$ cat work.tsv   # TSV, C-alpha atoms
chain	number	residue	atom	x	y	z
P	21	MET	CA	78.32	44.19	92.27
P	22	THR	CA	76.45	45.63	95.20
P	23	PRO	CA	78.63	45.30	98.32
P	24	THR	CA	77.28	43.05	101.04
P	25	PRO	CA	76.17	45.14	104.01
P	26	PRO	CA	78.09	44.42	107.18
P	27	GLU	CA	76.50	42.36	109.90
P	28	SER	CA	75.08	44.35	112.80
P	29	SER	CA	77.77	42.92	115.09
P	30	ASP	CA	80.43	44.30	112.74
P	31	LEU	CA	78.77	47.70	112.80
P	32	ASP	CA	78.69	47.64	116.59
P	33	ALA	CA	82.41	46.82	116.70
P	34	LEU	CA	83.19	49.62	114.25
P	35	VAL	CA	81.18	52.14	116.24
P	36	THR	CA	82.93	51.02	119.45
P	37	GLU	CA	86.37	51.42	117.80
P	38	LEU	CA	85.54	54.89	116.48
P	39	ASN	CA	84.16	55.99	119.83
P	40	ALA	CA	87.30	54.69	121.59
P	41	GLY	CA	89.51	56.62	119.17
P	42	ALA	CA	87.48	59.77	119.63
P	43	THR	CA	87.77	59.41	123.40
P	44	GLU	CA	91.51	58.64	123.27
P	45	ARG	CA	92.45	61.75	121.30
P	46	PRO	CA	91.24	64.33	123.87
P	47	ARG	CA	92.74	62.24	126.67
P	48	ARG	CA	96.10	62.19	124.87
P	49	ASP	CA	95.88	65.95	124.29
P	50	ASP	CA	95.17	66.49	128.00
P	51	HIS	CA	98.24	64.46	128.96
P	52	LEU	CA	100.45	66.37	126.53
P	53	ALA	CA	99.09	69.68	127.81
P	54	ARG	CA	100.05	68.67	131.35
P	55	LEU	CA	103.55	67.68	130.28
P	56	GLN	CA	103.99	70.92	128.36
P	57	ALA	CA	102.90	72.95	131.40
P	58	TRP	CA	105.65	71.26	133.45
P	59	LEU	CA	108.22	71.84	130.73
P	60	GLU	CA	107.22	75.49	130.41
P	61	GLU	CA	107.92	75.88	134.13
P	62	VAL	CA	111.33	74.23	133.58
P	63	VAL	CA	112.13	76.94	131.03
P	64	ASP	CA	110.68	79.78	133.12
P	65	ARG	CA	112.74	78.80	136.16
P	66	GLY	CA	115.96	78.21	134.25
P	67	ALA	CA	116.05	74.51	135.16
P	68	SER	CA	118.01	71.85	133.32
P	69	ASP	CA	115.90	68.75	134.08
P	70	LEU	CA	112.39	67.59	134.87
P	71	LEU	CA	112.34	64.43	137.04
P	72	LEU	CA	109.21	62.27	137.21
P	73	VAL	CA	109.40	59.46	139.77
P	74	ALA	CA	106.51	57.56	141.31
P	75	GLY	CA	105.72	58.57	144.89
P	76	ALA	CA	107.33	62.01	144.50
P	77	PRO	CA	105.99	65.26	143.03
P	78	PRO	CA	107.33	66.44	139.65
P	79	SER	CA	110.77	67.84	140.44
P	80	ILE	CA	113.21	70.11	138.62
P	81	ARG	CA	116.95	70.63	138.77
P	82	VAL	CA	118.23	74.21	139.01
P	83	ASP	CA	122.01	74.77	139.18
P	84	GLY	CA	122.46	71.13	140.14
P	85	ALA	CA	119.97	71.14	143.05
P	86	VAL	CA	116.70	69.18	142.80
P	87	GLY	CA	113.48	70.59	144.22
P	88	PRO	CA	109.74	69.77	143.94
P	89	MET	CA	107.17	71.58	141.85
P	90	ASN	CA	103.90	72.64	143.47
P	91	GLU	CA	102.04	69.38	142.85
P	92	GLY	CA	101.29	66.19	144.71
P	93	PRO	CA	103.11	62.86	144.33
P	94	LEU	CA	102.78	61.09	141.00
P	95	GLY	CA	101.77	57.51	140.28
P	96	GLY	CA	103.79	55.32	137.94
P	97	GLU	CA	101.07	54.86	135.33
P	98	GLU	CA	100.31	58.57	135.59
P	99	ILE	CA	103.90	59.25	134.51
P	100	ALA	CA	103.58	56.86	131.54
P	101	ASP	CA	100.27	58.44	130.53
P	102	VAL	CA	101.89	61.87	130.40
P	103	VAL	CA	105.20	60.96	128.74
P	104	VAL	CA	104.35	58.20	126.23
P	105	PRO	CA	102.26	60.50	123.97
P	106	ALA	CA	105.35	62.71	123.54
P	107	LEU	CA	107.44	59.81	122.19
P	108	PRO	CA	107.88	59.12	118.46
P	109	PRO	CA	106.73	55.66	117.26
P	110	HIS	CA	110.19	54.02	117.44
P	111	ALA	CA	110.63	55.11	121.07
P	112	ARG	CA	107.17	53.84	122.04
P	113	ARG	CA	108.08	50.46	120.56
P	114	ALA	CA	111.37	50.46	122.44
P	115	TYR	CA	109.58	51.22	125.70
P	116	ARG	CA	107.03	48.44	125.14
P	117	GLU	CA	109.76	45.93	124.30
P	118	THR	CA	112.55	46.89	126.72
P	119	GLY	CA	111.06	49.25	129.30
P	120	ILE	CA	113.52	52.00	128.22
P	121	ALA	CA	113.12	54.72	125.60
P	122	ASP	CA	115.22	57.72	124.55
P	123	ALA	CA	113.89	60.43	122.27
P	124	SER	CA	113.79	64.16	121.66
P	125	TYR	CA	110.62	66.22	122.00
P	126	ARG	CA	110.05	69.59	120.36
P	127	THR	CA	107.71	72.23	121.78
P	128	THR	CA	107.06	75.86	120.86
P	129	PHE	CA	109.36	76.92	123.72
P	130	GLY	CA	112.25	74.52	123.23
P	131	ARG	CA	113.51	70.97	122.70
P	132	PHE	CA	113.91	68.30	125.37
P	133	ARG	CA	115.60	64.92	125.62
P	134	ILE	CA	113.30	62.28	127.09
P	135	ASN	CA	114.46	59.17	128.91
P	136	LEU	CA	111.48	57.01	129.91
P	137	HIS	CA	112.43	53.98	132.00
P	138	ARG	CA	111.24	51.81	134.88
P	139	GLU	CA	112.29	51.72	138.52
P	140	ARG	CA	110.91	49.32	141.12
P	141	GLY	CA	108.55	48.04	138.44
P	142	ARG	CA	107.03	51.48	137.78
P	143	PRO	CA	107.46	54.04	134.97
P	144	ALA	CA	109.78	56.99	135.61
P	145	ALA	CA	111.20	59.68	133.36
P	146	THR	CA	113.88	62.34	133.08
P	147	LEU	CA	113.45	65.18	130.59
P	148	ARG	CA	116.48	67.37	129.94
P	149	ARG	CA	116.24	70.78	128.36
P	150	LEU	CA	118.24	71.07	125.14
P	151	PRO	CA	119.76	74.47	124.30
P	152	ALA	CA	118.42	76.22	121.22
P	153	ALA	CA	121.87	77.11	119.88
P	154	VAL	CA	125.26	75.42	119.83
P	155	PRO	CA	127.58	77.32	122.22
P	156	ARG	CA	130.98	78.68	121.28
P	157	LEU	CA	133.79	76.76	122.91
P	158	ALA	CA	135.15	79.88	124.62
P	159	SER	CA	131.81	80.41	126.39
P	160	LEU	CA	132.01	77.11	128.31
P	161	GLY	CA	134.75	78.20	130.70
P	162	LEU	CA	137.11	75.35	129.82
P	163	PRO	CA	140.88	75.96	129.64
P	164	SER	CA	141.83	77.51	126.31
P	165	SER	CA	144.03	74.61	125.19
P	166	VAL	CA	140.91	72.42	124.76
P	167	GLU	CA	140.59	74.25	121.44
P	168	SER	CA	143.59	72.26	120.19
P	169	LEU	CA	141.27	69.25	119.84
P	170	THR	CA	139.58	70.98	116.90
P	171	ARG	CA	142.90	71.11	115.05
P	172	LEU	CA	143.58	67.38	115.12
P	173	SER	CA	143.50	65.77	111.68
P	174	ARG	CA	142.75	62.19	112.72
P	175	GLY	CA	142.41	59.79	115.64
P	176	LEU	CA	139.98	59.03	118.44
P	177	VAL	CA	139.16	61.69	121.03
P	178	LEU	CA	137.46	60.35	124.17
P	179	VAL	CA	135.44	62.76	126.31
P	180	GLY	CA	134.84	61.34	129.79
P	181	GLY	CA	132.72	62.52	132.68
P	182	ALA	CA	129.79	61.58	134.88
P	183	THR	CA	126.20	61.89	133.68
P	184	GLY	CA	125.30	65.56	133.43
P	185	SER	CA	128.90	66.79	133.37
P	186	GLY	CA	128.53	68.56	130.01
P	187	LYS	CA	130.23	66.02	127.71
P	188	THR	CA	127.70	66.43	124.91
P	189	THR	CA	127.86	70.22	125.14
P	190	THR	CA	131.65	70.17	124.90
P	191	MET	CA	131.62	67.87	121.86
P	192	ALA	CA	128.99	70.02	120.16
P	193	ALA	CA	131.08	73.14	120.79
P	194	LEU	CA	134.20	71.45	119.39
P	195	LEU	CA	132.32	70.47	116.23
P	196	HIS	CA	130.92	73.99	115.97
P	197	GLU	CA	134.42	75.46	115.93
P	198	ILE	CA	135.45	73.06	113.15
P	199	ASN	CA	132.26	73.88	111.25
P	200	LEU	CA	132.91	77.62	111.42
P	201	ARG	CA	136.58	77.40	110.45
P	202	GLU	CA	137.10	74.48	108.07
P	203	ALA	CA	135.55	73.05	104.90
P	204	ARG	CA	134.98	69.48	106.08
P	205	HIS	CA	132.30	66.79	106.07
P	206	ILE	CA	131.01	66.13	109.60
P	207	VAL	CA	128.66	63.30	110.61
P	208	THR	CA	127.08	63.07	114.07
P	209	ILE	CA	125.39	59.92	115.39
P	210	GLU	CA	123.22	60.42	118.46
P	211	ASP	CA	120.36	58.91	120.47
P	212	PRO	CA	118.67	61.36	120.34
P	213	ILE	CA	120.10	64.43	118.58
P	214	GLU	CA	120.75	67.05	121.25
P	215	TYR	CA	122.29	70.04	119.46
P	216	GLU	CA	121.08	70.90	115.98
P	217	HIS	CA	123.94	72.20	113.82
P	218	ALA	CA	123.54	74.51	110.83
P	219	HIS	CA	125.92	74.13	107.89
P	220	GLY	CA	128.84	76.55	108.14
P	221	ARG	CA	132.02	76.14	106.14
P	222	SER	CA	131.49	72.41	106.71
P	223	VAL	CA	128.63	70.18	105.61
P	224	ILE	CA	127.03	68.47	108.61
P	225	GLU	CA	124.84	65.35	108.60
P	226	GLN	CA	123.07	64.41	111.84
P	227	VAL	CA	121.89	60.83	112.23
P	228	GLU	CA	119.38	59.98	114.95
P	229	ILE	CA	119.20	56.40	116.22
P	230	GLY	CA	115.70	54.96	115.87
P	231	ILE	CA	114.74	57.41	113.14
P	232	ASP	CA	117.63	57.43	110.66
P	233	ALA	CA	119.37	54.19	111.67
P	234	PRO	CA	118.43	51.26	113.96
P	235	ASP	CA	121.55	51.33	116.16
P	236	PHE	CA	125.01	52.85	116.62
P	237	PRO	CA	127.05	50.14	114.83
P	238	THR	CA	124.82	50.27	111.74
P	239	ALA	CA	124.90	54.07	111.68
P	240	LEU	CA	128.69	54.19	112.13
P	241	ARG	CA	129.34	51.64	109.36
P	242	ALA	CA	127.09	53.66	107.05
P	243	ALA	CA	128.85	56.90	108.01
P	244	LEU	CA	132.22	55.49	106.99
P	245	ARG	CA	130.85	54.99	103.46
P	246	GLN	CA	129.87	58.67	103.28
P	247	ALA	CA	133.46	60.00	103.08
P	248	PRO	CA	133.38	61.92	106.38
P	249	ASP	CA	136.31	63.87	107.77
P	250	VAL	CA	134.92	64.14	111.29
P	251	ILE	CA	132.55	61.76	113.09
P	252	MET	CA	130.88	62.31	116.44
P	253	VAL	CA	129.43	59.23	118.17
P	254	GLY	CA	127.23	60.47	120.99
P	255	GLU	CA	128.08	57.54	123.22
P	256	MET	CA	130.04	54.31	122.80
P	257	ARG	CA	127.67	51.85	124.46
P	258	ASP	CA	128.76	48.51	123.03
P	259	PRO	CA	131.93	46.71	121.88
P	260	GLU	CA	130.94	46.74	118.21
P	261	THR	CA	130.57	50.53	118.16
P	262	MET	CA	133.92	50.84	119.94
P	263	ARG	CA	135.61	48.49	117.45
P	264	ILE	CA	134.38	50.47	114.43
P	265	ALA	CA	135.25	53.81	116.07
P	266	LEU	CA	138.79	52.57	116.78
P	267	ALA	CA	139.21	51.46	113.18
P	268	ALA	CA	137.88	54.81	111.93
P	269	GLY	CA	140.29	56.74	114.15
P	270	GLU	CA	143.20	54.61	112.98
P	271	THR	CA	142.41	54.97	109.27
P	272	GLY	CA	142.36	58.75	108.97
P	273	HIS	CA	139.09	59.99	110.44
P	274	LEU	CA	138.78	62.32	113.43
P	275	VAL	CA	136.32	60.65	115.81
P	276	PHE	CA	134.84	62.21	118.95
P	277	SER	CA	132.90	60.08	121.44
P	278	SER	CA	131.87	60.19	125.09
P	279	VAL	CA	132.29	57.68	127.91
P	280	HIS	CA	130.69	57.72	131.37
P	281	THR	CA	133.84	57.82	133.52
P	282	THR	CA	135.56	60.08	136.04
P	283	ASP	CA	139.30	60.18	135.25
P	284	LEU	CA	141.86	59.53	132.52
P	285	ALA	CA	142.69	55.96	133.49
P	286	THR	CA	139.10	54.74	133.75
P	287	THR	CA	138.15	56.50	130.51
P	288	VAL	CA	140.83	54.61	128.59
P	289	ALA	CA	140.23	51.38	130.50
P	290	ARG	CA	136.49	51.43	129.74
P	291	VAL	CA	137.14	50.73	126.07
P	292	ALA	CA	139.30	47.62	126.48
P	293	ASP	CA	137.30	46.37	129.48
P	294	SER	CA	134.13	46.31	127.35
P	295	PHE	CA	135.53	43.38	125.33
P	296	PRO	CA	135.90	39.70	126.31
P	297	PRO	CA	139.18	39.01	128.19
P	298	GLU	CA	140.72	37.12	125.27
P	299	ARG	CA	140.32	40.21	123.02
P	300	GLN	CA	141.38	42.92	125.43
P	301	ASN	CA	145.10	42.82	124.65
P	302	THR	CA	144.42	43.22	120.92
P	303	ILE	CA	142.03	46.09	121.60
P	304	ARG	CA	144.68	47.84	123.72
P	305	GLN	CA	147.09	47.69	120.80
P	306	GLU	CA	144.46	49.18	118.49
P	307	LEU	CA	143.51	51.82	121.06
P	308	ALA	CA	147.15	52.83	121.52
P	309	MET	CA	147.39	53.47	117.77
P	310	ALA	CA	144.03	55.23	117.36
P	311	LEU	CA	143.88	57.41	120.47
P	312	SER	CA	144.76	61.09	119.98
P	313	ALA	CA	143.42	62.73	123.13
P	314	VAL	CA	141.41	62.16	126.30
P	315	LEU	CA	139.40	64.95	127.92
P	316	VAL	CA	137.68	64.35	131.27
P	317	GLN	CA	135.45	66.97	132.84
P	318	THR	CA	133.26	67.63	135.85
P	319	LEU	CA	130.81	70.41	136.73
P	320	LEU	CA	131.24	72.41	139.94
P	321	PRO	CA	128.91	74.95	141.58
P	322	LYS	CA	129.98	78.54	140.96
P	323	THR	CA	130.32	80.88	143.91
P	324	GLY	CA	127.70	83.24	142.49
P	325	GLY	CA	125.28	80.57	141.28
P	326	GLY	CA	125.28	78.31	138.25
P	327	ARG	CA	127.89	75.70	137.38
P	328	VAL	CA	131.27	75.71	135.66
P	329	PRO	CA	133.38	72.86	134.22
P	330	ALA	CA	136.81	71.81	135.42
P	331	ALA	CA	138.71	69.42	133.20
P	332	GLU	CA	141.81	67.35	132.54
P	333	LEU	CA	143.28	66.92	129.07
P	334	LEU	CA	145.86	64.42	127.85
P	335	MET	CA	147.21	64.91	124.34
P	336	VAL	CA	148.38	61.38	123.59
P	337	GLY	CA	152.05	60.96	122.70
P	338	TYR	CA	154.56	58.11	122.54
P	339	GLY	CA	154.70	57.57	126.31
P	340	ALA	CA	150.92	57.39	126.74
P	341	ARG	CA	150.66	54.93	123.85
P	342	GLN	CA	153.18	52.65	125.55
P	343	HIS	CA	151.22	52.81	128.82
P	344	VAL	CA	147.98	51.93	127.00
P	345	ARG	CA	149.65	48.96	125.27
P	346	LYS	CA	151.00	47.65	128.58
P	347	ASN	CA	147.78	48.43	130.48
P	348	ALA	CA	149.85	50.62	132.83
P	349	LEU	CA	147.15	53.28	132.94
P	350	GLN	CA	148.15	54.52	136.40
P	351	HIS	CA	151.01	56.33	134.66
P	352	LEU	CA	148.77	58.42	132.39
P	353	HIS	CA	148.56	61.22	134.95
P	354	GLN	CA	152.29	61.84	134.75
P	355	GLU	CA	152.04	61.91	130.94
P	356	VAL	CA	149.84	65.00	131.26
P	357	THR	CA	152.78	66.90	132.76
P	358	ILE	CA	155.21	65.55	130.17
P	359	THR	CA	153.01	66.65	127.24
P	360	ARG	CA	151.98	70.05	128.68
P	361	LYS	CA	153.68	71.86	125.79
P	362	HIS	CA	151.26	70.09	123.42
P	363	GLY	CA	148.22	71.38	125.34
P	364	SER	CA	147.77	68.83	128.15
P	365	PHE	CA	146.76	70.02	131.62
P	366	THR	CA	145.77	68.36	134.90
P	367	LEU	CA	142.44	68.65	136.69
P	368	GLU	CA	144.28	70.32	139.55
P	369	GLU	CA	145.65	73.02	137.22
P	370	SER	CA	142.15	73.62	135.92
P	371	LEU	CA	140.78	73.89	139.48
P	372	VAL	CA	143.54	76.30	140.54
P	373	GLU	CA	142.64	78.66	137.72
P	374	LEU	CA	138.94	78.59	138.73
P	375	ILE	CA	139.84	79.27	142.38
P	376	ARG	CA	142.10	82.19	141.46
P	377	GLN	CA	139.36	83.66	139.28
P	378	GLY	CA	137.02	83.51	142.28
P	379	VAL	CA	134.63	81.27	140.35
P	380	VAL	CA	134.90	78.14	142.56
P	381	ASP	CA	135.22	77.74	146.33
P	382	ARG	CA	138.52	76.23	147.50
P	383	LYS	CA	136.86	73.60	149.71
P	384	GLU	CA	134.61	72.49	146.84
P	385	ALA	CA	137.62	72.23	144.54
P	386	LEU	CA	139.49	70.05	147.03
P	387	THR	CA	136.60	67.56	147.11
P	388	ARG	CA	136.76	67.22	143.31
P	389	ALA	CA	140.52	66.98	142.90
P	390	GLY	CA	141.91	63.59	141.94
P	391	HIS	CA	145.18	64.55	143.67
P	392	PRO	CA	144.28	66.96	146.52
P	393	GLU	CA	147.89	67.21	147.67
P	394	GLU	CA	148.88	68.45	144.22
P	395	LEU	CA	146.11	71.06	144.35
P	396	GLU	CA	147.31	72.24	147.76
P	397	ARG	CA	150.86	72.51	146.43
P	398	LEU	CA	149.77	74.56	143.42
P	399	LEU	CA	147.79	76.91	145.67
P	400	ALA	CA	150.65	77.43	148.12

$ encode --input "work.tsv" --output "structure tokens"
Amino acid sequence: MTPTPPESSDLDALVTELNAGATERPRRDDHLARLQAWLEEVVDRGASDLLLVAGAPPSIRVDGAVGPMNEGPLGGEEIADVVVPALPPHARRAYRETGIADASYRTTFGRFRINLHRERGRPAATLRRLPAAVPRLASLGLPSSVESLTRLSRGLVLVGGATGSGKTTTMAALLHEINLREARHIVTIEDPIEYEHAHGRSVIEQVEIGIDAPDFPTALRAALRQAPDVIMVGEMRDPETMRIALAAGETGHLVFSSVHTTDLATTVARVADSFPPERQNTIRQELAMALSAVLVQTLLPKTGGGRVPAAELLMVGYGARQHVRKNALQHLHQEVTITRKHGSFTLEESLVELIRQGVVDRKEALTRAGHPEELERLLA
């Protein structure tokens, strides 16, 4: 049969659609070129972040300090126009549906983590530069006993710290040490993947939320069916992820995960407090059994430029488990001293070492200490 020719109105619509697509492609390329020019400047200036906020010029963070680039203030829709084309399809859908999207973006000069969100009803974005290689643990400047975390056989390891304190970098470095030394099966679950690991003595699978799995609970359940020895959950955002991670730590897996907190007590409390009140006591019992260690870190400015981490580590023993069960978390600090022979150390001990090395200013260290009087005593 001879196909029926389309009506002229249909042809007009088709021509309009094709013309719109042809116009959209160059516009999208222009937006991406602008974004890439900003990101190239981030790399050239050794910055860690690109900040795009309506009413302010594009800004970058260098050694913790934020400063403007040589451009005028941005509009909200202008920010969306530049960033949305860099997002993969799942992140674009998430932004349309929720106003928030997380994704990674690869360029010829590096990878970046994108967080596109809204503030005061307008689009805004933060793009963080992702290192090309996983660092060795010794290069981070953390106390040497942090390496003991890589020798644990099972349990949950919580890594606490504020946003931008280096939690993800520390976890990646810990996994890298295991990968280089031991023949194990490692699974990472992230949103998005920040450090790309190569197989060493271990086999490593890296699951990205939105691309490989729809959410953390689904990805974690699937991981447990893959016979892993070590699991890294980029962030425990919801009670269901926490519940599965606790069960995994209690049943023979070594699980690393991060929490946005600032000290030992709040890091442990965050897990139980995420559940309804009627379940919190049960969760504390499970947490007391599963928890193997808690590492909390913060980044301080170095005297010669750059930043360096200070940290506190609790290797969990019988006493700490009893405090977790009874919700007497104020006593965890004293457990650090009691378990020092197992690798534990206080934030103040970490700060003292940095001061004595001439890496950190004494006044700056005192502002970061959880127990300034203890720091003063150690420095006396």

$ residues_around --input "work.tsv" --residues "region 237-246 of chain P" --least-positions-apart "3" --cutoff "9 Å" --atoms "only C-alpha atoms" --output "PyMOL selection string"
chain P and resi 205+207-209+227-229+232-234+251+253+258+260-262+264-265+268+273

$ closest_residue --input "work.tsv" --among "P:Thr357, P:Ser164, P:Ser277, P:Asn301" --to "Gly337 (chain P)" --atoms "only C-alpha atoms"
P:Thr357

$ residues_near_point --input "work.tsv" --point "(133.5, 69.5, 115.7)" --cutoff "9 Å" --atoms "all atoms listed in the file" --output "list in words"
Leu169, Thr170, Met191, Ala192, Ala193, Leu194, Leu195, His196, Glu197, Ile198, Asn199, Ile206, Val250, Ile251, Met252 and Phe276 of chain P

$ residues_around --input "work.tsv" --residues "Ala153 (chain P)" --least-positions-apart "6" --cutoff "9 Å" --atoms "all atoms listed in the file" --output "VMD selection string"
chain P and resid 215 to 217

$ write_last_selection --input "work.tsv" --atoms "C-alpha atoms" --output "mmCIF file, in the frame of the given file"
data_model
loop_
_atom_site.group_PDB
_atom_site.id
_atom_site.type_symbol
_atom_site.label_atom_id
_atom_site.label_comp_id
_atom_site.auth_asym_id
_atom_site.auth_seq_id
_atom_site.Cartn_x
_atom_site.Cartn_y
_atom_site.Cartn_z
ATOM 1 C CA TYR P 215 122.290 70.040 119.460
ATOM 2 C CA GLU P 216 121.080 70.900 115.980
ATOM 3 C CA HIS P 217 123.940 72.200 113.820
#

$ atom_distance --input "work.tsv" --atom1 "CA of Leu319 (chain P)" --atom2 "CA of Met335 (chain P)"
21.3 Å

$ atom_distance --input "work.tsv" --atom1 "CA of Val328 (chain P)" --atom2 "CA of Ser185 (chain P)"
9.5 Å

$ build_atoms --input "work.tsv" --residues "region 45-62 of chain P" --atoms "N, CA and C atoms" --output "PDB file, keeping the file's coordinate frame"
ATOM      1  N   ARG P  45      91.767  60.551 121.770  1.00  0.00           N
ATOM      2  CA  ARG P  45      92.450  61.750 121.300  1.00  0.00           C
ATOM      3  C   ARG P  45      92.421  62.897 122.318  1.00  0.00           C
ATOM      4  N   PRO P  46      91.235  63.261 122.851  1.00  0.00           N
ATOM      5  CA  PRO P  46      91.240  64.330 123.870  1.00  0.00           C
ATOM      6  C   PRO P  46      92.048  63.960 125.103  1.00  0.00           C
ATOM      7  N   ARG P  47      91.992  62.660 125.500  1.00  0.00           N
ATOM      8  CA  ARG P  47      92.740  62.240 126.670  1.00  0.00           C
ATOM      9  C   ARG P  47      94.236  62.405 126.427  1.00  0.00           C
ATOM     10  N   ARG P  48      94.688  62.036 125.221  1.00  0.00           N
ATOM     11  CA  ARG P  48      96.100  62.190 124.870  1.00  0.00           C
ATOM     12  C   ARG P  48      96.475  63.672 124.866  1.00  0.00           C
ATOM     13  N   ASP P  49      95.604  64.516 124.320  1.00  0.00           N
ATOM     14  CA  ASP P  49      95.880  65.950 124.290  1.00  0.00           C
ATOM     15  C   ASP P  49      95.971  66.514 125.701  1.00  0.00           C
ATOM     16  N   ASP P  50      95.127  66.029 126.610  1.00  0.00           N
ATOM     17  CA  ASP P  50      95.170  66.490 128.000  1.00  0.00           C
ATOM     18  C   ASP P  50      96.498  66.127 128.646  1.00  0.00           C
ATOM     19  N   HIS P  51      96.970  64.901 128.389  1.00  0.00           N
ATOM     20  CA  HIS P  51      98.240  64.460 128.960  1.00  0.00           C
ATOM     21  C   HIS P  51      99.392  65.308 128.424  1.00  0.00           C
ATOM     22  N   LEU P  52      99.391  65.557 127.117  1.00  0.00           N
ATOM     23  CA  LEU P  52     100.450  66.370 126.530  1.00  0.00           C
ATOM     24  C   LEU P  52     100.421  67.805 127.067  1.00  0.00           C
ATOM     25  N   ALA P  53      99.213  68.323 127.266  1.00  0.00           N
ATOM     26  CA  ALA P  53      99.090  69.680 127.810  1.00  0.00           C
ATOM     27  C   ALA P  53      99.686  69.752 129.211  1.00  0.00           C
ATOM     28  N   ARG P  54      99.485  68.700 130.002  1.00  0.00           N
ATOM     29  CA  ARG P  54     100.050  68.670 131.350  1.00  0.00           C
ATOM     30  C   ARG P  54     101.569  68.622 131.300  1.00  0.00           C
ATOM     31  N   LEU P  55     102.099  67.769 130.426  1.00  0.00           N
ATOM     32  CA  LEU P  55     103.550  67.680 130.280  1.00  0.00           C
ATOM     33  C   LEU P  55     104.127  69.022 129.829  1.00  0.00           C
ATOM     34  N   GLN P  56     103.476  69.654 128.872  1.00  0.00           N
ATOM     35  CA  GLN P  56     103.990  70.920 128.360  1.00  0.00           C
ATOM     36  C   GLN P  56     103.952  72.014 129.425  1.00  0.00           C
ATOM     37  N   ALA P  57     102.947  71.971 130.308  1.00  0.00           N
ATOM     38  CA  ALA P  57     102.900  72.950 131.400  1.00  0.00           C
ATOM     39  C   ALA P  57     104.092  72.771 132.332  1.00  0.00           C
ATOM     40  N   TRP P  58     104.465  71.524 132.617  1.00  0.00           N
ATOM     41  CA  TRP P  58     105.650  71.260 133.450  1.00  0.00           C
ATOM     42  C   TRP P  58     106.910  71.761 132.750  1.00  0.00           C
ATOM     43  N   LEU P  59     107.015  71.460 131.459  1.00  0.00           N
ATOM     44  CA  LEU P  59     108.220  71.840 130.730  1.00  0.00           C
ATOM     45  C   LEU P  59     108.324  73.360 130.589  1.00  0.00           C
ATOM     46  N   GLU P  60     107.187  74.026 130.477  1.00  0.00           N
ATOM     47  CA  GLU P  60     107.220  75.490 130.410  1.00  0.00           C
ATOM     48  C   GLU P  60     107.743  76.069 131.722  1.00  0.00           C
ATOM     49  N   GLU P  61     107.391  75.419 132.840  1.00  0.00           N
ATOM     50  CA  GLU P  61     107.920  75.880 134.130  1.00  0.00           C
ATOM     51  C   GLU P  61     109.429  75.618 134.212  1.00  0.00           C
ATOM     52  N   VAL P  62     109.890  74.504 133.639  1.00  0.00           N
ATOM     53  CA  VAL P  62     111.330  74.230 133.580  1.00  0.00           C
ATOM     54  C   VAL P  62     112.050  75.397 132.896  1.00  0.00           C
TER      55      VAL P  62
END
